[in-house]
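K.L.:
Next up, query_24.txt (compact mmCIF, C-alpha atoms).
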# COMPACT_ATOMS: atom_id res chain seq x y z
CA MET A 1 0.00 0.00 0.00
CA SER A 2 1.42 3.38 -1.00
CA THR A 3 2.02 5.91 1.80
CA ILE A 4 2.34 8.95 -0.50
CA GLU A 5 -0.39 11.42 0.49
CA PHE A 6 -1.13 15.14 0.11
CA ASP A 7 -3.23 17.46 2.23
CA PRO A 8 -6.63 18.28 0.72
CA SER A 9 -6.68 21.35 -1.53
CA GLN A 10 -9.24 23.40 -3.46
CA LEU A 11 -7.75 21.83 -6.61
CA GLY A 12 -9.41 18.63 -5.44
CA SER A 13 -12.79 20.33 -5.09
CA LYS A 14 -15.52 20.03 -7.72
CA ASP A 15 -16.75 23.50 -6.81
CA HIS A 16 -13.35 24.90 -7.81
CA TRP A 17 -13.43 23.27 -11.23
CA ASP A 18 -17.09 24.13 -11.84
CA GLN A 19 -16.32 27.80 -11.20
CA ARG A 20 -13.13 27.69 -13.27
CA TYR A 21 -14.82 26.21 -16.35
CA THR A 22 -17.84 28.48 -16.05
CA GLU A 23 -15.42 31.42 -16.25
CA GLU A 24 -13.41 29.90 -19.10
CA LEU A 25 -16.58 29.19 -21.08
CA ALA A 26 -17.66 32.81 -20.68
CA HIS A 27 -14.21 33.97 -21.82
CA PHE A 28 -14.40 31.65 -24.83
CA TYR A 29 -17.72 33.10 -25.97
CA GLU A 30 -16.43 36.64 -25.38
CA SER A 31 -12.98 36.39 -26.96
CA GLY A 32 -12.54 32.95 -28.53
CA LEU A 33 -9.79 32.05 -26.07
CA GLU A 34 -9.81 28.30 -25.39
CA GLY A 35 -8.50 28.57 -21.84
CA GLU A 36 -5.41 27.33 -20.04
CA VAL A 37 -3.61 24.23 -21.22
CA TRP A 38 -3.08 22.37 -17.94
CA PHE A 39 0.68 21.76 -17.49
CA GLY A 40 1.39 23.65 -20.74
CA GLU A 41 2.13 22.35 -24.22
CA GLU A 42 5.23 20.25 -23.54
CA PRO A 43 3.49 17.30 -21.82
CA VAL A 44 0.77 17.34 -24.50
CA GLU A 45 3.39 17.13 -27.25
CA LYS A 46 5.24 14.33 -25.48
CA MET A 47 2.09 12.27 -24.87
CA VAL A 48 0.88 12.71 -28.44
CA THR A 49 4.34 11.86 -29.79
CA TRP A 50 4.48 8.68 -27.68
CA ALA A 51 1.03 7.43 -28.70
CA PRO A 52 1.44 6.52 -32.43
CA SER A 53 4.33 4.11 -31.88
CA HIS A 54 2.40 2.20 -29.20
CA VAL A 55 -1.23 2.68 -30.25
CA PRO A 56 -1.08 3.54 -33.97
CA PRO A 57 -3.87 5.76 -35.32
CA THR A 58 -4.16 3.43 -38.32
CA THR A 59 -5.73 0.83 -36.01
CA CYS A 60 -8.61 3.25 -35.22
CA PRO A 61 -8.12 2.78 -31.48
CA ALA A 62 -10.59 3.64 -28.73
CA VAL A 63 -9.03 6.41 -26.62
CA LEU A 64 -10.39 7.76 -23.33
CA ASP A 65 -9.23 11.04 -21.76
CA ILE A 66 -9.91 11.17 -18.02
CA GLY A 67 -10.59 14.71 -16.82
CA THR A 68 -10.58 16.22 -20.29
CA GLY A 69 -10.77 19.87 -19.14
CA ASN A 70 -11.01 21.98 -22.31
CA GLY A 71 -10.40 18.96 -24.56
CA HIS A 72 -6.98 20.16 -25.69
CA LEU A 73 -5.26 16.77 -25.42
CA LEU A 74 -7.88 15.08 -27.62
CA PHE A 75 -7.74 17.89 -30.16
CA ALA A 76 -4.00 17.24 -30.37
CA MET A 77 -4.72 13.53 -30.91
CA VAL A 78 -6.95 14.43 -33.87
CA GLU A 79 -4.12 16.54 -35.29
CA ALA A 80 -1.83 13.51 -34.91
CA GLY A 81 -4.13 11.48 -37.16
CA TYR A 82 -6.47 9.76 -34.70
CA ASP A 83 -10.06 9.15 -35.80
CA PRO A 84 -12.31 11.47 -33.73
CA SER A 85 -15.06 8.82 -33.63
CA GLY A 86 -12.85 6.72 -31.35
CA LEU A 87 -11.99 9.55 -28.93
CA VAL A 88 -13.96 10.16 -25.74
CA GLY A 89 -13.31 12.86 -23.15
CA ILE A 90 -14.92 12.74 -19.72
CA ASP A 91 -15.00 15.20 -16.83
CA TYR A 92 -17.08 15.52 -13.69
CA SER A 93 -17.55 19.23 -14.34
CA GLN A 94 -20.45 20.10 -16.65
CA GLY A 95 -18.68 23.37 -17.46
CA SER A 96 -15.67 21.46 -18.79
CA ILE A 97 -17.87 19.48 -21.16
CA HIS A 98 -19.75 22.58 -22.36
CA LEU A 99 -16.39 24.27 -23.02
CA SER A 100 -14.90 21.27 -24.84
CA ILE A 101 -17.94 20.89 -27.09
CA ALA A 102 -17.99 24.62 -27.89
CA ILE A 103 -14.28 24.59 -28.78
CA ALA A 104 -14.69 21.45 -30.90
CA LYS A 105 -17.50 23.06 -32.90
CA GLN A 106 -15.50 26.23 -33.46
CA ARG A 107 -12.39 24.28 -34.48
CA ALA A 108 -14.46 22.21 -36.90
CA GLN A 109 -15.71 25.41 -38.55
CA ASP A 110 -12.19 26.84 -38.77
CA ASP A 111 -10.60 23.63 -40.06
CA GLU A 112 -13.00 21.51 -42.09
CA GLU A 113 -10.33 18.87 -42.81
CA ARG A 114 -10.31 17.76 -39.18
CA ALA A 115 -13.57 16.52 -37.69
CA TYR A 116 -13.02 17.86 -34.18
CA ALA A 117 -16.77 17.80 -33.57
CA GLY A 118 -16.69 14.02 -33.95
CA ILE A 119 -15.04 13.65 -30.53
CA THR A 120 -17.45 12.57 -27.78
CA PHE A 121 -17.40 14.71 -24.64
CA THR A 122 -19.59 13.72 -21.71
CA VAL A 123 -20.03 14.32 -17.99
CA CYS A 124 -18.78 11.42 -15.86
CA ASP A 125 -17.49 11.08 -12.32
CA PHE A 126 -14.67 8.63 -12.97
CA LEU A 127 -14.53 7.52 -9.33
CA ASP A 128 -18.21 6.55 -9.33
CA SER A 129 -18.48 3.11 -10.91
CA ASP A 130 -22.17 3.80 -11.57
CA SER A 131 -21.38 6.95 -13.58
CA PRO A 132 -21.54 5.74 -17.19
CA ILE A 133 -18.87 6.25 -19.83
CA PRO A 134 -20.17 6.08 -23.41
CA PRO A 135 -18.68 3.06 -25.18
CA PRO A 136 -16.64 3.81 -28.30
CA ARG A 137 -18.24 3.28 -31.70
CA GLU A 138 -20.19 -0.01 -31.95
CA GLU A 139 -19.22 -1.41 -28.54
CA SER A 140 -22.08 -2.35 -26.22
CA SER A 141 -20.08 -1.67 -23.05
CA SER A 142 -17.28 0.66 -21.98
CA ASP A 143 -15.58 -2.04 -19.89
CA GLY A 144 -12.53 -3.82 -21.29
CA VAL A 145 -12.59 -2.04 -24.66
CA TRP A 146 -10.21 0.94 -24.43
CA ASP A 147 -6.91 0.73 -26.29
CA LEU A 148 -5.48 3.83 -24.63
CA ILE A 149 -6.47 5.76 -21.51
CA LEU A 150 -4.95 9.21 -21.00
CA ASP A 151 -4.59 11.29 -17.85
CA LYS A 152 -2.93 14.70 -17.66
CA GLY A 153 -3.38 16.13 -14.19
CA THR A 154 -6.58 14.39 -13.09
CA PHE A 155 -4.76 11.82 -10.95
CA ASP A 156 -3.05 14.79 -9.27
CA ALA A 157 -6.35 16.57 -8.59
CA ILE A 158 -7.90 13.42 -7.14
CA SER A 159 -4.90 13.05 -4.82
CA LEU A 160 -5.91 16.43 -3.32
CA MET A 161 -9.48 15.39 -2.50
CA ASP A 162 -10.78 14.87 1.03
CA LYS A 163 -11.09 11.32 2.32
CA ASP A 164 -14.59 9.90 2.62
CA GLU A 165 -16.47 9.30 5.87
CA ARG A 166 -14.68 5.95 6.26
CA GLY A 167 -11.28 7.58 5.92
CA VAL A 168 -10.69 6.14 2.45
CA ALA A 169 -8.81 8.32 -0.03
CA PRO A 170 -10.69 8.75 -3.34
CA LEU A 171 -7.50 7.88 -5.22
CA GLU A 172 -7.88 4.27 -4.10
CA LYS A 173 -10.85 3.91 -6.48
CA TYR A 174 -8.88 5.16 -9.46
CA VAL A 175 -6.63 2.27 -10.51
CA PRO A 176 -9.35 -0.43 -10.26
CA ARG A 177 -11.54 1.50 -12.71
CA VAL A 178 -8.65 2.05 -15.14
CA VAL A 179 -7.99 -1.69 -15.07
CA ARG A 180 -11.63 -2.52 -15.69
CA LEU A 181 -11.91 -0.14 -18.65
CA LEU A 182 -8.71 -1.10 -20.47
CA ARG A 183 -8.69 -4.03 -22.86
CA PRO A 184 -5.95 -6.63 -22.28
CA GLY A 185 -2.84 -5.19 -23.89
CA GLY A 186 -4.22 -1.65 -23.68
CA TYR A 187 -2.10 1.24 -22.42
CA PHE A 188 -2.53 3.78 -19.65
CA LEU A 189 -0.47 6.95 -20.17
CA ILE A 190 -0.37 9.41 -17.29
CA THR A 191 1.31 12.77 -16.73
CA SER A 192 1.73 14.20 -13.24
CA CYS A 193 3.37 17.20 -11.61
CA ASN A 194 2.72 15.93 -8.06
CA PHE A 195 4.33 12.51 -8.37
CA THR A 196 7.70 11.35 -9.65
CA LYS A 197 8.04 8.43 -12.04
CA ASP A 198 8.87 6.06 -9.19
CA GLU A 199 5.94 7.31 -7.12
CA LEU A 200 3.53 6.80 -10.03
CA VAL A 201 4.80 3.26 -10.48
CA GLU A 202 4.24 2.69 -6.75
CA LYS A 203 0.71 4.11 -6.96
CA VAL A 204 -0.41 2.46 -10.20
CA ALA A 205 1.45 -0.82 -10.70
CA LEU A 206 0.05 -2.28 -7.48
CA PRO A 207 0.25 -6.02 -6.80
CA GLY A 208 -2.78 -7.58 -8.45
CA SER A 209 -3.61 -4.45 -10.48
CA TYR A 210 -2.52 -6.14 -13.73
CA LEU A 211 -0.91 -2.88 -14.82
CA GLU A 212 2.73 -3.28 -15.76
CA TYR A 213 5.21 -0.41 -16.01
CA LYS A 214 6.32 -0.03 -19.64
CA GLY A 215 8.49 3.07 -19.55
CA SER A 216 8.58 6.81 -19.03
CA ILE A 217 9.06 9.89 -21.18
CA PRO A 218 12.10 12.02 -20.29
CA TYR A 219 11.92 15.72 -19.46
CA LYS A 220 14.63 18.28 -18.90
CA GLN A 221 15.98 17.86 -15.37
CA PHE A 222 16.97 20.50 -12.84
CA THR A 223 18.70 20.45 -9.46
CA PHE A 224 16.99 21.81 -6.36
CA GLY A 225 18.12 21.32 -2.78
CA GLY A 226 20.80 18.92 -3.92
CA LYS A 227 18.29 16.66 -5.71
CA ARG A 228 17.68 16.24 -9.42
CA GLY A 229 14.19 16.14 -10.81
CA SER A 230 11.75 17.26 -13.50
CA SER A 231 8.66 19.42 -13.48
CA TYR A 232 6.58 16.53 -14.82
CA ALA A 233 6.55 12.76 -15.00
CA THR A 234 4.87 10.92 -17.87
CA VAL A 235 4.64 7.18 -17.38
CA ALA A 236 3.17 4.34 -19.47
CA PHE A 237 1.56 1.18 -18.14
CA GLN A 238 0.11 -1.78 -20.02
CA LYS A 239 -2.72 -4.03 -18.89
CA GLN A 240 -1.84 -7.70 -18.69
CA SER A 241 -4.41 -10.37 -19.52
CA VAL A 242 -7.03 -10.71 -16.79
CA SER A 243 -10.66 -11.73 -16.49
CA LEU A 244 -13.07 -8.83 -15.85
CA GLY A 245 -15.28 -11.06 -13.70
Show this structure as structure tokens.
P.N.:
Amino acid sequence: MSTIEFDPSQLGSKDHWDQRYTEELAHFYESGLEGEVWFGEEPVEKMVTWAPSHVPPTTCPAVLDIGTGNGHLLFAMVEAGYDPSGLVGIDYSQGSIHLSIAIAKQRAQDDEERAYAGITFTVCDFLDSDSPIPPPREESSSDGVWDLILDKGTFDAISLMDKDERGVAPLEKYVPRVVRLLRPGGYFLITSCNFTKDELVEKVALPGSYLEYKGSIPYKQFTFGGKRGSSYATVAFQKQSVSLG
């Protein structure tokens, strides 16, 4: 069991994100600005560069973005050649989904060659197993069908949530749902600014989780307080064969 914990923060509060995306949606309608790219462009570029060699767009994969925010990561996937009909972005904030859909429609008007509006964006509380995720394309279920699951900052935000009334950290529900959603052989690619590569491996590749560490993406390192590190960690895991039972 991992012992890495953070104190609760407003960044782990739904109210915070609801207010943030309400404001960003208003700004979008006023000025056309799409809002902040969480963590900046570098992690997006690295994740999108990693994806084609492991989950080629030619295979028309099913890709799920957990905590899609303003949809920027999925828009970048479309630009990398991924079929929008296989891309799904979820967020527990209705404002996030309204913003993502609005941006997708505007992008589709500005660039008719890329079908941004074909991406599915929907409200879903990822930690609630009863909160449905729309299955990709012709699939009848969203369980065990995803070729690639992406996370850029959502794992971090969940780590800042309050524990429930039983003292259980919400993050403990995260990995089991990732495992259930991924198909055997599917990949989970996560970027964090709160956790190092080793800490992510400790948190995700738990005994019995069936998620195996497959590598990390390097970032420029810096030295602080005598220790070397990076601003971000992007780590890939692959689901090993397991019954969903």
K.L.:
Which residues, written as a PyMOL selection string, have at least one atom at most 12 Å from Ala76 (chain A), with all atoms listed in the file counted and residues fewer than 6 positions away on the same chain left out?
P.N.:
chain A and resi 37+41-49+51+65+70+82-84+87+104+107+114+116+119
K.L.:
Write the selection just made, keeping C-alpha atoms, as a PDB file, keeping the file's coordinate frame?
P.N.:
ATOM      1  CA  VAL A  37      -3.610  24.230 -21.220  1.00  0.00           C
ATOM      2  CA  GLU A  41       2.130  22.350 -24.220  1.00  0.00           C
ATOM      3  CA  GLU A  42       5.230  20.250 -23.540  1.00  0.00           C
ATOM      4  CA  PRO A  43       3.490  17.300 -21.820  1.00  0.00           C
ATOM      5  CA  VAL A  44       0.770  17.340 -24.500  1.00  0.00           C
ATOM      6  CA  GLU A  45       3.390  17.130 -27.250  1.00  0.00           C
ATOM      7  CA  LYS A  46       5.240  14.330 -25.480  1.00  0.00           C
ATOM      8  CA  MET A  47       2.090  12.270 -24.870  1.00  0.00           C
ATOM      9  CA  VAL A  48       0.880  12.710 -28.440  1.00  0.00           C
ATOM     10  CA  THR A  49       4.340  11.860 -29.790  1.00  0.00           C
ATOM     11  CA  ALA A  51       1.030   7.430 -28.700  1.00  0.00           C
ATOM     12  CA  ASP A  65      -9.230  11.040 -21.760  1.00  0.00           C
ATOM     13  CA  ASN A  70     -11.010  21.980 -22.310  1.00  0.00           C
ATOM     14  CA  TYR A  82      -6.470   9.760 -34.700  1.00  0.00           C
ATOM     15  CA  ASP A  83     -10.060   9.150 -35.800  1.00  0.00           C
ATOM     16  CA  PRO A  84     -12.310  11.470 -33.730  1.00  0.00           C
ATOM     17  CA  LEU A  87     -11.990   9.550 -28.930  1.00  0.00           C
ATOM     18  CA  ALA A 104     -14.690  21.450 -30.900  1.00  0.00           C
ATOM     19  CA  ARG A 107     -12.390  24.280 -34.480  1.00  0.00           C
ATOM     20  CA  ARG A 114     -10.310  17.760 -39.180  1.00  0.00           C
ATOM     21  CA  TYR A 116     -13.020  17.860 -34.180  1.00  0.00           C
ATOM     22  CA  ILE A 119     -15.040  13.650 -30.530  1.00  0.00           C
TER      23      ILE A 119
END
K.L.:
As a list in words, please: the residues near Tyr174 (chain A) (cut-off 9 Å, all atoms listed in the file, same-chain neighbours under 2 positions excluded).
P.N.:
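Here the qualifying residues turn out to be Phe126, Leu127, Phe155, Ile158, Pro170, Leu171, Glu172, Pro176, Arg177, Val178, Val179 and Val204 of chain A.
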K.L.:
Hey, which of A:Thr58, A:Ser13, A:Ser93, A:Thr120 ends up closest to Phe75 (chain A)? Count only C-alpha atoms.
P.N.:
A:Thr120
K.L.:
Check the smallest atom-to-atom distance from each of A:Ala117, A:Ala80, A:Ala169, A:Met161 to Trp50 (chain A) using all atoms listed in the file, then report the winner.
P.N.:
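Nearest to Trp50 (chain A): A:Ala80.
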K.L.:
Taking 3 positions as the minimum chain separation for residues in the same chain, which residues sit within 9 Å of Gly71 (chain A) when counting all atoms listed in the file? Answer as a list in words.
P.N.:
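Those residues are Asp65, Gly67, Thr68, Leu74, Phe75, Ala76, Gly89, Ser96, Ile97, Leu99, Ser100, Ile101, Ile103, Ala104 and Phe121 of chain A.
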K.L.:
When distances are computed from only C-alpha atoms, which of A:Ser31, A:Ser159, A:Thr154, A:Gln106 shows the smallest separation from Ile66 (chain A)?
P.N.:
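For Ile66 (chain A), the nearest of the given residues is A:Thr154.
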K.L.:
Kindly give the distance, in Å, that separates CA of Gly81 (chain A) and CA of Phe28 (chain A), rounded to a single decimal.
P.N.:
25.8 Å
K.L.:
Which neighbours of Thr234 (chain A) fall inside 6 Å, counting all atoms listed in the file, when residues of the same chain fewer than 2 positions from it are skipped, and could you give them as a compact mmCIF listing (two decimals) with C-alpha atoms, in the coordinates of the input?
P.N.:
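Below is the file that was written, part.txt:
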# COMPACT_ATOMS: atom_id res chain seq x y z
CA ILE A 190 -0.37 9.41 -17.29
CA THR A 191 1.31 12.77 -16.73
CA SER A 216 8.58 6.81 -19.03
CA ILE A 217 9.06 9.89 -21.18
K.L.:
A:Asp111, A:Pro56, A:Lys105, A:Asp147: which is nearest Val88 (chain A), counting all atoms listed in the file?
P.N.:
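Once distances to Val88 (chain A) are computed over all atoms listed in the file, the minimum belongs to A:Asp147.
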K.L.:
Give me, please, the distance in Å between CA of His27 (chain A) and CA of Glu79 (chain A), quoted to one decimal.
P.N.:
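That distance, rounded to one decimal, is 24.2 Å.
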K.L.:
So the first atom is CA of Pro61 (chain A) and the second is CA of Thr196 (chain A); what is the distance between them in Å, to one decimal place?
P.N.:
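Those two atoms sit 28.3 Å apart.
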K.L.:
Give the answer as one residue: which of A:Ser231, A:Asp130, A:Lys239, A:Phe188 has the shortest atom-to-atom distance to Leu211 (chain A), using all atoms listed in the file?
P.N.:
A:Lys239
K.L.:
With only C-alpha atoms as the atoms that count, which of A:Tyr213, A:Tyr21, A:Phe237, A:Phe195 lies nearest to Leu150 (chain A)?
P.N.:
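That would be A:Phe237, the residue with the smallest distance to Leu150 (chain A).
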